[in-house]
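As provided, protein01.txt (compact mmCIF, N, CA and C atoms) reads as follows.
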```txt
# COMPACT_ATOMS: atom_id res chain seq x y z
N MET A 18 0.84 -1.18 0.00
CA MET A 18 0.00 0.00 0.00
C MET A 18 0.88 1.24 0.00
N LEU A 19 0.51 2.25 -0.79
CA LEU A 19 1.26 3.49 -0.87
C LEU A 19 1.03 4.36 0.34
N ASP A 20 2.09 4.93 0.85
CA ASP A 20 1.99 5.88 1.96
C ASP A 20 1.92 7.28 1.35
N LYS A 21 0.74 7.85 1.21
CA LYS A 21 0.57 9.15 0.57
C LYS A 21 1.23 10.28 1.35
N LYS A 22 1.48 10.11 2.62
CA LYS A 22 2.10 11.16 3.42
C LYS A 22 3.55 11.40 3.00
N ASN A 23 4.19 10.39 2.46
CA ASN A 23 5.60 10.53 2.09
C ASN A 23 5.80 10.78 0.59
N LEU A 24 4.71 10.86 -0.15
CA LEU A 24 4.82 11.15 -1.58
C LEU A 24 4.90 12.65 -1.82
N THR A 25 5.67 13.02 -2.80
CA THR A 25 5.73 14.41 -3.21
C THR A 25 5.35 14.49 -4.68
N MET A 26 4.36 15.29 -4.98
CA MET A 26 3.94 15.50 -6.36
C MET A 26 4.59 16.79 -6.85
N LYS A 27 5.32 16.69 -7.95
CA LYS A 27 6.01 17.85 -8.52
C LYS A 27 5.17 18.40 -9.65
N ASN A 28 4.73 19.65 -9.49
CA ASN A 28 3.82 20.30 -10.43
C ASN A 28 4.47 21.51 -11.08
N LEU A 29 4.41 21.55 -12.40
CA LEU A 29 4.94 22.68 -13.16
C LEU A 29 3.79 23.38 -13.86
N PHE A 30 3.72 24.68 -13.69
CA PHE A 30 2.72 25.51 -14.37
C PHE A 30 3.44 26.38 -15.39
N ILE A 31 3.02 26.29 -16.63
CA ILE A 31 3.54 27.14 -17.69
C ILE A 31 2.42 28.10 -18.07
N LEU A 32 2.65 29.38 -17.80
CA LEU A 32 1.63 30.39 -18.04
C LEU A 32 2.05 31.29 -19.20
N ASN A 33 1.10 31.55 -20.12
CA ASN A 33 1.38 32.34 -21.32
C ASN A 33 0.52 33.59 -21.44
N GLY A 34 -0.58 33.66 -20.71
CA GLY A 34 -1.54 34.75 -20.89
C GLY A 34 -1.15 36.03 -20.19
N ALA A 35 -1.74 37.10 -20.65
CA ALA A 35 -1.51 38.41 -20.02
C ALA A 35 -1.93 38.35 -18.55
N PRO A 36 -1.24 39.08 -17.67
CA PRO A 36 -1.58 39.02 -16.25
C PRO A 36 -2.94 39.62 -15.91
N TYR A 37 -3.38 40.57 -16.70
CA TYR A 37 -4.67 41.22 -16.45
C TYR A 37 -5.45 41.26 -17.76
N GLY A 38 -6.76 41.12 -17.66
CA GLY A 38 -7.61 41.16 -18.84
C GLY A 38 -7.75 39.79 -19.51
N ASP A 39 -7.06 38.81 -18.98
CA ASP A 39 -7.10 37.45 -19.49
C ASP A 39 -7.08 36.54 -18.27
N GLU A 40 -8.05 35.71 -18.12
CA GLU A 40 -8.17 34.92 -16.89
C GLU A 40 -7.29 33.68 -16.85
N ARG A 41 -6.56 33.37 -17.93
CA ARG A 41 -5.71 32.17 -17.91
C ARG A 41 -4.63 32.26 -16.85
N THR A 42 -3.91 33.35 -16.80
CA THR A 42 -2.85 33.49 -15.80
C THR A 42 -3.44 33.51 -14.40
N TYR A 43 -4.51 34.24 -14.22
CA TYR A 43 -5.20 34.30 -12.93
C TYR A 43 -5.61 32.91 -12.46
N ASN A 44 -6.26 32.15 -13.33
CA ASN A 44 -6.71 30.82 -12.93
C ASN A 44 -5.56 29.85 -12.72
N GLY A 45 -4.52 29.95 -13.53
CA GLY A 45 -3.34 29.12 -13.32
C GLY A 45 -2.69 29.39 -11.99
N LEU A 46 -2.60 30.67 -11.61
CA LEU A 46 -2.02 31.03 -10.31
C LEU A 46 -2.91 30.62 -9.15
N ARG A 47 -4.20 30.66 -9.34
CA ARG A 47 -5.11 30.19 -8.30
C ARG A 47 -4.85 28.72 -8.00
N LEU A 48 -4.76 27.91 -9.05
CA LEU A 48 -4.52 26.48 -8.85
C LEU A 48 -3.11 26.23 -8.30
N ALA A 49 -2.12 26.94 -8.83
CA ALA A 49 -0.75 26.78 -8.32
C ALA A 49 -0.67 27.13 -6.84
N GLY A 50 -1.32 28.22 -6.44
CA GLY A 50 -1.33 28.61 -5.03
C GLY A 50 -2.02 27.60 -4.15
N ALA A 51 -3.13 27.04 -4.63
CA ALA A 51 -3.86 26.04 -3.85
C ALA A 51 -3.01 24.79 -3.66
N LEU A 52 -2.33 24.35 -4.72
CA LEU A 52 -1.47 23.17 -4.60
C LEU A 52 -0.25 23.44 -3.73
N ALA A 53 0.32 24.64 -3.84
CA ALA A 53 1.51 24.99 -3.06
C ALA A 53 1.23 24.95 -1.56
N LYS A 54 -0.01 25.23 -1.17
CA LYS A 54 -0.38 25.22 0.25
C LYS A 54 -0.53 23.81 0.80
N ARG A 55 -0.74 22.84 -0.08
CA ARG A 55 -1.01 21.47 0.35
C ARG A 55 0.28 20.70 0.59
N GLU A 56 0.28 19.95 1.66
CA GLU A 56 1.41 19.10 1.99
C GLU A 56 1.61 18.07 0.87
N GLY A 57 2.85 17.80 0.55
CA GLY A 57 3.14 16.79 -0.45
C GLY A 57 3.18 17.31 -1.87
N ASN A 58 3.12 18.62 -2.06
CA ASN A 58 3.18 19.21 -3.40
C ASN A 58 4.34 20.19 -3.49
N GLN A 59 5.07 20.09 -4.58
CA GLN A 59 6.05 21.10 -4.94
C GLN A 59 5.51 21.77 -6.19
N VAL A 60 5.65 23.08 -6.25
CA VAL A 60 5.10 23.84 -7.38
C VAL A 60 6.17 24.77 -7.93
N ARG A 61 6.28 24.76 -9.25
CA ARG A 61 7.11 25.72 -9.96
C ARG A 61 6.25 26.37 -11.03
N VAL A 62 6.54 27.63 -11.32
CA VAL A 62 5.80 28.38 -12.34
C VAL A 62 6.81 28.97 -13.31
N PHE A 63 6.55 28.79 -14.60
CA PHE A 63 7.38 29.41 -15.63
C PHE A 63 6.48 30.32 -16.44
N LEU A 64 6.86 31.59 -16.53
CA LEU A 64 6.07 32.61 -17.21
C LEU A 64 6.66 32.89 -18.58
N MET A 65 5.80 32.81 -19.60
CA MET A 65 6.23 33.05 -20.98
C MET A 65 5.29 34.05 -21.64
N GLY A 66 5.71 34.61 -22.76
CA GLY A 66 4.87 35.54 -23.49
C GLY A 66 4.45 36.69 -22.59
N ASP A 67 3.19 37.10 -22.74
CA ASP A 67 2.69 38.22 -21.94
C ASP A 67 2.64 37.92 -20.45
N ALA A 68 2.65 36.65 -20.07
CA ALA A 68 2.64 36.31 -18.64
C ALA A 68 3.92 36.76 -17.94
N ALA A 69 4.98 37.04 -18.69
CA ALA A 69 6.23 37.51 -18.08
C ALA A 69 5.99 38.76 -17.24
N ILE A 70 5.07 39.59 -17.66
CA ILE A 70 4.77 40.83 -16.94
C ILE A 70 4.19 40.53 -15.55
N ALA A 71 3.64 39.34 -15.35
CA ALA A 71 3.06 38.98 -14.05
C ALA A 71 4.10 39.03 -12.93
N ALA A 72 5.39 38.86 -13.26
CA ALA A 72 6.43 38.85 -12.25
C ALA A 72 7.07 40.22 -12.03
N LYS A 73 6.52 41.25 -12.65
CA LYS A 73 7.06 42.61 -12.47
C LYS A 73 6.73 43.09 -11.06
N GLY A 74 7.72 43.55 -10.37
CA GLY A 74 7.54 44.05 -9.01
C GLY A 74 6.82 45.38 -8.98
N GLY A 75 6.24 45.70 -7.83
CA GLY A 75 5.62 47.01 -7.61
C GLY A 75 4.28 47.21 -8.28
N GLN A 76 3.56 46.13 -8.55
CA GLN A 76 2.25 46.26 -9.20
C GLN A 76 1.25 46.94 -8.27
N LYS A 77 0.50 47.86 -8.84
CA LYS A 77 -0.57 48.54 -8.09
C LYS A 77 -1.85 48.39 -8.91
N VAL A 78 -2.81 47.71 -8.31
CA VAL A 78 -4.08 47.48 -9.01
C VAL A 78 -5.19 48.15 -8.23
N PRO A 79 -6.32 48.41 -8.86
CA PRO A 79 -7.44 49.04 -8.16
C PRO A 79 -7.89 48.20 -6.96
N GLU A 80 -8.33 48.86 -5.93
CA GLU A 80 -8.81 48.17 -4.74
C GLU A 80 -9.91 47.18 -5.11
N GLY A 81 -9.80 45.98 -4.56
CA GLY A 81 -10.77 44.93 -4.82
C GLY A 81 -10.45 44.08 -6.04
N PHE A 82 -9.39 44.42 -6.77
CA PHE A 82 -8.99 43.68 -7.96
C PHE A 82 -7.85 42.76 -7.58
N TYR A 83 -7.79 41.58 -8.17
CA TYR A 83 -6.71 40.65 -7.84
C TYR A 83 -5.36 41.20 -8.29
N ASN A 84 -4.30 40.77 -7.61
CA ASN A 84 -2.94 41.21 -7.89
C ASN A 84 -2.11 39.96 -8.16
N VAL A 85 -1.67 39.76 -9.41
CA VAL A 85 -0.93 38.55 -9.74
C VAL A 85 0.43 38.49 -9.04
N GLN A 86 1.00 39.64 -8.71
CA GLN A 86 2.27 39.63 -7.97
C GLN A 86 2.07 38.99 -6.59
N VAL A 87 0.98 39.32 -5.93
CA VAL A 87 0.67 38.71 -4.63
C VAL A 87 0.42 37.21 -4.81
N MET A 88 -0.29 36.84 -5.86
CA MET A 88 -0.57 35.42 -6.12
C MET A 88 0.71 34.65 -6.38
N LEU A 89 1.64 35.22 -7.13
CA LEU A 89 2.93 34.57 -7.37
C LEU A 89 3.73 34.47 -6.08
N GLY A 90 3.57 35.44 -5.20
CA GLY A 90 4.26 35.42 -3.91
C GLY A 90 3.93 34.19 -3.10
N ARG A 91 2.71 33.69 -3.22
CA ARG A 91 2.34 32.46 -2.50
C ARG A 91 3.18 31.28 -2.96
N VAL A 92 3.48 31.24 -4.24
CA VAL A 92 4.29 30.15 -4.78
C VAL A 92 5.75 30.32 -4.33
N THR A 93 6.27 31.55 -4.39
CA THR A 93 7.67 31.76 -4.01
C THR A 93 7.91 31.50 -2.54
N ARG A 94 6.90 31.70 -1.71
CA ARG A 94 7.05 31.40 -0.28
C ARG A 94 7.10 29.89 -0.03
N ALA A 95 6.53 29.12 -0.95
CA ALA A 95 6.47 27.68 -0.78
C ALA A 95 7.76 26.99 -1.26
N ALA A 96 8.52 27.62 -2.15
CA ALA A 96 9.73 27.00 -2.67
C ALA A 96 10.68 28.05 -3.22
N VAL A 97 11.97 27.80 -3.05
CA VAL A 97 12.99 28.70 -3.56
C VAL A 97 13.16 28.46 -5.07
N ASP A 98 13.40 29.51 -5.82
CA ASP A 98 13.59 29.44 -7.27
C ASP A 98 12.41 28.78 -7.97
N ALA A 99 11.21 29.04 -7.48
CA ALA A 99 10.02 28.38 -8.02
C ALA A 99 9.38 29.16 -9.15
N VAL A 100 9.81 30.40 -9.40
CA VAL A 100 9.20 31.20 -10.46
C VAL A 100 10.28 31.64 -11.43
N GLY A 101 10.21 31.09 -12.63
CA GLY A 101 11.12 31.47 -13.70
C GLY A 101 10.38 32.31 -14.73
N VAL A 102 11.08 33.27 -15.30
CA VAL A 102 10.48 34.15 -16.30
C VAL A 102 11.34 34.04 -17.57
N CYS A 103 10.69 33.75 -18.68
CA CYS A 103 11.38 33.60 -19.95
C CYS A 103 12.20 34.86 -20.26
N GLY A 104 13.52 34.70 -20.37
CA GLY A 104 14.38 35.85 -20.64
C GLY A 104 14.13 36.49 -21.98
N THR A 105 13.88 35.69 -23.01
CA THR A 105 13.58 36.23 -24.33
C THR A 105 12.29 37.04 -24.29
N CYS A 106 11.31 36.53 -23.54
CA CYS A 106 10.02 37.23 -23.41
C CYS A 106 10.19 38.54 -22.64
N MET A 107 11.09 38.52 -21.64
CA MET A 107 11.38 39.75 -20.90
C MET A 107 11.99 40.79 -21.84
N ASP A 108 12.96 40.36 -22.63
CA ASP A 108 13.61 41.28 -23.57
C ASP A 108 12.61 41.88 -24.54
N ALA A 109 11.71 41.05 -25.06
CA ALA A 109 10.71 41.53 -26.03
C ALA A 109 9.78 42.57 -25.43
N ARG A 110 9.63 42.53 -24.11
CA ARG A 110 8.72 43.47 -23.42
C ARG A 110 9.49 44.57 -22.70
N GLY A 111 10.78 44.65 -22.93
CA GLY A 111 11.59 45.71 -22.34
C GLY A 111 11.77 45.58 -20.83
N MET A 112 11.66 44.37 -20.30
CA MET A 112 11.81 44.16 -18.85
C MET A 112 13.26 43.87 -18.50
N LYS A 113 13.70 44.42 -17.41
CA LYS A 113 15.04 44.18 -16.88
C LYS A 113 14.94 43.26 -15.66
N GLY A 114 16.00 42.55 -15.38
CA GLY A 114 16.02 41.63 -14.25
C GLY A 114 15.72 42.28 -12.92
N ASP A 115 16.16 43.54 -12.74
CA ASP A 115 15.92 44.21 -11.46
C ASP A 115 14.47 44.65 -11.29
N GLU A 116 13.65 44.48 -12.33
CA GLU A 116 12.23 44.80 -12.22
C GLU A 116 11.41 43.61 -11.71
N LEU A 117 12.03 42.44 -11.65
CA LEU A 117 11.30 41.25 -11.21
C LEU A 117 11.02 41.30 -9.72
N MET A 118 9.88 40.77 -9.34
CA MET A 118 9.52 40.68 -7.94
C MET A 118 10.48 39.74 -7.21
N GLU A 119 10.55 39.91 -5.91
CA GLU A 119 11.38 39.03 -5.10
C GLU A 119 10.91 37.59 -5.27
N GLY A 120 11.86 36.69 -5.48
CA GLY A 120 11.53 35.28 -5.61
C GLY A 120 11.42 34.81 -7.06
N ALA A 121 11.35 35.74 -8.01
CA ALA A 121 11.31 35.38 -9.43
C ALA A 121 12.69 35.63 -10.03
N HIS A 122 13.03 34.84 -11.04
CA HIS A 122 14.32 35.01 -11.69
C HIS A 122 14.18 34.88 -13.20
N ARG A 123 15.15 35.46 -13.89
CA ARG A 123 15.20 35.36 -15.36
C ARG A 123 15.53 33.91 -15.70
N GLY A 124 14.67 33.30 -16.50
CA GLY A 124 14.85 31.90 -16.85
C GLY A 124 15.21 31.72 -18.31
N THR A 125 15.43 30.47 -18.66
CA THR A 125 15.79 30.10 -20.03
C THR A 125 14.94 28.91 -20.47
N LEU A 126 14.95 28.64 -21.75
CA LEU A 126 14.25 27.46 -22.25
C LEU A 126 14.94 26.18 -21.76
N GLU A 127 16.24 26.23 -21.54
CA GLU A 127 16.94 25.07 -20.97
C GLU A 127 16.41 24.76 -19.57
N GLU A 128 16.20 25.82 -18.79
CA GLU A 128 15.63 25.63 -17.45
C GLU A 128 14.22 25.06 -17.56
N LEU A 129 13.42 25.57 -18.48
CA LEU A 129 12.07 25.05 -18.66
C LEU A 129 12.11 23.58 -19.07
N ALA A 130 13.04 23.21 -19.92
CA ALA A 130 13.20 21.80 -20.31
C ALA A 130 13.55 20.96 -19.08
N ASP A 131 14.47 21.44 -18.25
CA ASP A 131 14.84 20.72 -17.02
C ASP A 131 13.63 20.57 -16.09
N TRP A 132 12.90 21.67 -15.92
CA TRP A 132 11.73 21.63 -15.05
C TRP A 132 10.66 20.68 -15.59
N SER A 133 10.53 20.63 -16.91
CA SER A 133 9.55 19.73 -17.53
C SER A 133 9.90 18.27 -17.24
N GLU A 134 11.19 17.94 -17.28
CA GLU A 134 11.62 16.58 -16.93
C GLU A 134 11.45 16.30 -15.45
N TRP A 135 11.62 17.31 -14.62
CA TRP A 135 11.47 17.18 -13.16
C TRP A 135 10.03 16.91 -12.77
N ALA A 136 9.09 17.50 -13.48
CA ALA A 136 7.69 17.51 -13.07
C ALA A 136 7.00 16.16 -13.29
N ASP A 137 6.11 15.84 -12.34
CA ASP A 137 5.19 14.71 -12.51
C ASP A 137 3.99 15.15 -13.35
N LYS A 138 3.60 16.43 -13.17
CA LYS A 138 2.46 16.99 -13.90
C LYS A 138 2.85 18.35 -14.44
N VAL A 139 2.43 18.63 -15.67
CA VAL A 139 2.66 19.94 -16.28
C VAL A 139 1.29 20.52 -16.64
N PHE A 140 1.01 21.70 -16.12
CA PHE A 140 -0.23 22.42 -16.40
C PHE A 140 0.11 23.60 -17.29
N VAL A 141 -0.60 23.76 -18.39
CA VAL A 141 -0.34 24.87 -19.31
C VAL A 141 -1.59 25.73 -19.39
N PHE A 142 -1.43 27.00 -19.08
CA PHE A 142 -2.53 27.97 -19.15
C PHE A 142 -2.13 29.05 -20.13
```
Show this structure as structure tokens.
Amino acid sequence: MLDKKNLTMKNLFILNGAPYGDERTYNGLRLAGALAKREGNQVRVFLMGDAAIAAKGGQKVPEGFYNVQVMLGRVTRAAVDAVGVCGTCMDARGMKGDELMEGAHRGTLEELADWSEWADKVFVF
């Protein structure tokens, strides 16, 4: 019989949608945050395309509106180096590394390939 208490499920979320105005990134982060809170789950998030902007620090949104930076923070608190941001996508959007929120780092496709091999499950939003 399997002892579920000692199992660790490795989950990778690849997000491509804009951080605001498109619910894909929002919903992906909701699920990633829910899994990150649960015992026995490791969660990593890789941001590509317009989702790269989700890791920009200092976001200010209207009161009562969700903040993807706060949502990503839940994942970074659960694991070190858990949020990678596509470097090519950052360059295309004029983002610099020092603009990234704490806990996020400039990533590469090689890192995404490594994370894909590491993961038991890959979720793409």
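The nearest approach to Val139 in chain A among the residues A:Ile31, A:Ala71, A:Met26, A:Val60, with all atoms listed in the file taken into account, belongs to A:Ile31.
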- Query: What lies within 7 Å of Gly45 in chain A using all atoms listed in the file, ignoring chain neighbours under 5 positions off, as a ChimeraX atom specification?
  - Reply: /A:32,40,50,142
Please provide as a PDB file with N, CA and C atoms, keeping the file's coordinate frame all residues within 8 Å of Gly74 in chain A, with the sequence filter that same-chain residues fewer than 5 positions apart are discarded (counting only N, CA and C atoms).
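Saved result, part_11.pdb, follows:
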```pdb
ATOM      1  N   GLN A  86       1.000  39.640  -8.710  1.00  0.00           N
ATOM      2  CA  GLN A  86       2.270  39.630  -7.970  1.00  0.00           C
ATOM      3  C   GLN A  86       2.070  38.990  -6.590  1.00  0.00           C
ATOM      4  N   ASP A 115      16.160  43.540 -12.740  1.00  0.00           N
ATOM      5  CA  ASP A 115      15.920  44.210 -11.460  1.00  0.00           C
ATOM      6  C   ASP A 115      14.470  44.650 -11.290  1.00  0.00           C
ATOM      7  N   GLU A 116      13.650  44.480 -12.330  1.00  0.00           N
ATOM      8  CA  GLU A 116      12.230  44.800 -12.220  1.00  0.00           C
ATOM      9  C   GLU A 116      11.410  43.610 -11.710  1.00  0.00           C
ATOM     10  N   LEU A 117      12.030  42.440 -11.650  1.00  0.00           N
ATOM     11  CA  LEU A 117      11.300  41.250 -11.210  1.00  0.00           C
ATOM     12  C   LEU A 117      11.020  41.300  -9.720  1.00  0.00           C
ATOM     13  N   MET A 118       9.880  40.770  -9.340  1.00  0.00           N
ATOM     14  CA  MET A 118       9.520  40.680  -7.940  1.00  0.00           C
ATOM     15  C   MET A 118      10.480  39.740  -7.210  1.00  0.00           C
ATOM     16  N   GLU A 119      10.550  39.910  -5.910  1.00  0.00           N
ATOM     17  CA  GLU A 119      11.380  39.030  -5.100  1.00  0.00           C
ATOM     18  C   GLU A 119      10.910  37.590  -5.270  1.00  0.00           C
TER      19      GLU A 119
END
```
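Within chain A, DSSP applied to the backbone places the following residues in strand (DSSP E or B): Met26, Lys27, Asn28, Leu29, Phe30, Ile31, Leu32, Asn58, Gln59, Val60, Arg61, Val62, Phe63, Leu64, Lys73, Val100, Gly101, Val102, Cys103, Leu117, Ala121, His122, Arg123, Gly124, Lys138, Val139, Phe140 and Val141 of chain A.
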- atom C of Ile70 in chain A to atom N of Cys106 in chain A, distance in Å rounded to a single decimal: 11.4 Å
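Minimum distance to Gly104 in chain A across A:Phe140, A:Phe63, A:Phe30, A:Trp132 (counting only C-alpha atoms) occurs at A:Phe63.
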- Enter the distance from atom N of Thr105 in chain A to atom C of Thr125 in chain A, in Å, rounded to one decimal.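 According to the coordinates, atom N of Thr105 in chain A and atom C of Thr125 in chain A are separated by 7.3 Å.
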- Query: CA of Asp67 in chain A and CA of Asn28 in chain A are how many Å apart?
  - Reply: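 Taking CA of Asp67 in chain A and CA of Asn28 in chain A, their separation equals 21.3 Å.
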- Message: With only C-alpha atoms as the counted atoms, please give the residues lying no more than 9 Å from Gly101 in chain A, apart from itself and same-chain residues fewer than 3 positions off, as a ChimeraX atom specification.
- Response: /A:61-65,69,72,98,104,120-125,128-129
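Proximity to Lys27 in chain A at 12 Å, evaluated using only C-alpha atoms and with sequence-adjacent residues fewer than 2 positions away removed, yields Leu24, Thr25, Leu29, Phe30, Ala49, Leu52, Ala53, Arg55, Glu56, Gly57, Asn58, Gln59, Val60, Arg61, Val62, Ala96, Ala99, Trp132, Ser133, Glu134, Trp135, Ala136, Asp137, Lys138, Val139 and Phe140 of chain A.
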- Restricting the calculation to all atoms listed in the file, which member of A:Ala130, A:Leu89, A:Gly66, A:Val141 is positioned closest to Ala35 in chain A?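 Looking at the shortest contact to Ala35 in chain A, the residue is A:Gly66.
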If you run DSSP on the backbone here, which positions in range 78-130 of chain A get helix (DSSP H, G or I)? Please write them as a PDB file with N, CA and C atoms, keeping the file's coordinate frame.
```pdb
ATOM      1  N   VAL A  85      -1.670  39.760  -9.410  1.00  0.00           N
ATOM      2  CA  VAL A  85      -0.930  38.550  -9.740  1.00  0.00           C
ATOM      3  C   VAL A  85       0.430  38.490  -9.040  1.00  0.00           C
ATOM      4  N   GLN A  86       1.000  39.640  -8.710  1.00  0.00           N
ATOM      5  CA  GLN A  86       2.270  39.630  -7.970  1.00  0.00           C
ATOM      6  C   GLN A  86       2.070  38.990  -6.590  1.00  0.00           C
ATOM      7  N   VAL A  87       0.980  39.320  -5.930  1.00  0.00           N
ATOM      8  CA  VAL A  87       0.670  38.710  -4.630  1.00  0.00           C
ATOM      9  C   VAL A  87       0.420  37.210  -4.810  1.00  0.00           C
ATOM     10  N   MET A  88      -0.290  36.840  -5.860  1.00  0.00           N
ATOM     11  CA  MET A  88      -0.570  35.420  -6.120  1.00  0.00           C
ATOM     12  C   MET A  88       0.710  34.650  -6.380  1.00  0.00           C
ATOM     13  N   LEU A  89       1.640  35.220  -7.130  1.00  0.00           N
ATOM     14  CA  LEU A  89       2.930  34.570  -7.370  1.00  0.00           C
ATOM     15  C   LEU A  89       3.730  34.470  -6.080  1.00  0.00           C
ATOM     16  N   GLY A  90       3.570  35.440  -5.200  1.00  0.00           N
ATOM     17  CA  GLY A  90       4.260  35.420  -3.910  1.00  0.00           C
ATOM     18  C   GLY A  90       3.930  34.190  -3.100  1.00  0.00           C
ATOM     19  N   ARG A  91       2.710  33.690  -3.220  1.00  0.00           N
ATOM     20  CA  ARG A  91       2.340  32.460  -2.500  1.00  0.00           C
ATOM     21  C   ARG A  91       3.180  31.280  -2.960  1.00  0.00           C
ATOM     22  N   VAL A  92       3.480  31.240  -4.240  1.00  0.00           N
ATOM     23  CA  VAL A  92       4.290  30.150  -4.780  1.00  0.00           C
ATOM     24  C   VAL A  92       5.750  30.320  -4.330  1.00  0.00           C
ATOM     25  N   THR A  93       6.270  31.550  -4.390  1.00  0.00           N
ATOM     26  CA  THR A  93       7.670  31.760  -4.010  1.00  0.00           C
ATOM     27  C   THR A  93       7.910  31.500  -2.540  1.00  0.00           C
ATOM     28  N   ARG A  94       6.900  31.700  -1.710  1.00  0.00           N
ATOM     29  CA  ARG A  94       7.050  31.400  -0.280  1.00  0.00           C
ATOM     30  C   ARG A  94       7.100  29.890  -0.030  1.00  0.00           C
ATOM     31  N   ALA A  95       6.530  29.120  -0.950  1.00  0.00           N
ATOM     32  CA  ALA A  95       6.470  27.680  -0.780  1.00  0.00           C
ATOM     33  C   ALA A  95       7.760  26.990  -1.260  1.00  0.00           C
ATOM     34  N   GLY A 104      13.520  34.700 -20.370  1.00  0.00           N
ATOM     35  CA  GLY A 104      14.380  35.850 -20.640  1.00  0.00           C
ATOM     36  C   GLY A 104      14.130  36.490 -21.980  1.00  0.00           C
ATOM     37  N   THR A 105      13.880  35.690 -23.010  1.00  0.00           N
ATOM     38  CA  THR A 105      13.580  36.230 -24.330  1.00  0.00           C
ATOM     39  C   THR A 105      12.290  37.040 -24.290  1.00  0.00           C
ATOM     40  N   CYS A 106      11.310  36.530 -23.540  1.00  0.00           N
ATOM     41  CA  CYS A 106      10.020  37.230 -23.410  1.00  0.00           C
ATOM     42  C   CYS A 106      10.190  38.540 -22.640  1.00  0.00           C
ATOM     43  N   MET A 107      11.090  38.520 -21.640  1.00  0.00           N
ATOM     44  CA  MET A 107      11.380  39.750 -20.900  1.00  0.00           C
ATOM     45  C   MET A 107      11.990  40.790 -21.840  1.00  0.00           C
ATOM     46  N   ASP A 108      12.960  40.360 -22.630  1.00  0.00           N
ATOM     47  CA  ASP A 108      13.610  41.280 -23.570  1.00  0.00           C
ATOM     48  C   ASP A 108      12.610  41.880 -24.540  1.00  0.00           C
ATOM     49  N   ALA A 109      11.710  41.050 -25.060  1.00  0.00           N
ATOM     50  CA  ALA A 109      10.710  41.530 -26.030  1.00  0.00           C
ATOM     51  C   ALA A 109       9.780  42.570 -25.430  1.00  0.00           C
ATOM     52  N   GLY A 114      16.000  42.550 -15.380  1.00  0.00           N
ATOM     53  CA  GLY A 114      16.020  41.630 -14.250  1.00  0.00           C
ATOM     54  C   GLY A 114      15.720  42.280 -12.920  1.00  0.00           C
ATOM     55  N   ASP A 115      16.160  43.540 -12.740  1.00  0.00           N
ATOM     56  CA  ASP A 115      15.920  44.210 -11.460  1.00  0.00           C
ATOM     57  C   ASP A 115      14.470  44.650 -11.290  1.00  0.00           C
ATOM     58  N   GLU A 116      13.650  44.480 -12.330  1.00  0.00           N
ATOM     59  CA  GLU A 116      12.230  44.800 -12.220  1.00  0.00           C
ATOM     60  C   GLU A 116      11.410  43.610 -11.710  1.00  0.00           C
ATOM     61  N   LEU A 126      14.950  28.640 -21.750  1.00  0.00           N
ATOM     62  CA  LEU A 126      14.250  27.460 -22.250  1.00  0.00           C
ATOM     63  C   LEU A 126      14.940  26.180 -21.760  1.00  0.00           C
ATOM     64  N   GLU A 127      16.240  26.230 -21.540  1.00  0.00           N
ATOM     65  CA  GLU A 127      16.940  25.070 -20.970  1.00  0.00           C
ATOM     66  C   GLU A 127      16.410  24.760 -19.570  1.00  0.00           C
ATOM     67  N   GLU A 128      16.200  25.820 -18.790  1.00  0.00           N
ATOM     68  CA  GLU A 128      15.630  25.630 -17.450  1.00  0.00           C
ATOM     69  C   GLU A 128      14.220  25.060 -17.560  1.00  0.00           C
ATOM     70  N   LEU A 129      13.420  25.570 -18.480  1.00  0.00           N
ATOM     71  CA  LEU A 129      12.070  25.050 -18.660  1.00  0.00           C
ATOM     72  C   LEU A 129      12.110  23.580 -19.070  1.00  0.00           C
ATOM     73  N   ALA A 130      13.040  23.210 -19.920  1.00  0.00           N
ATOM     74  CA  ALA A 130      13.200  21.800 -20.310  1.00  0.00           C
ATOM     75  C   ALA A 130      13.550  20.960 -19.080  1.00  0.00           C
TER      76      ALA A 130
END
```
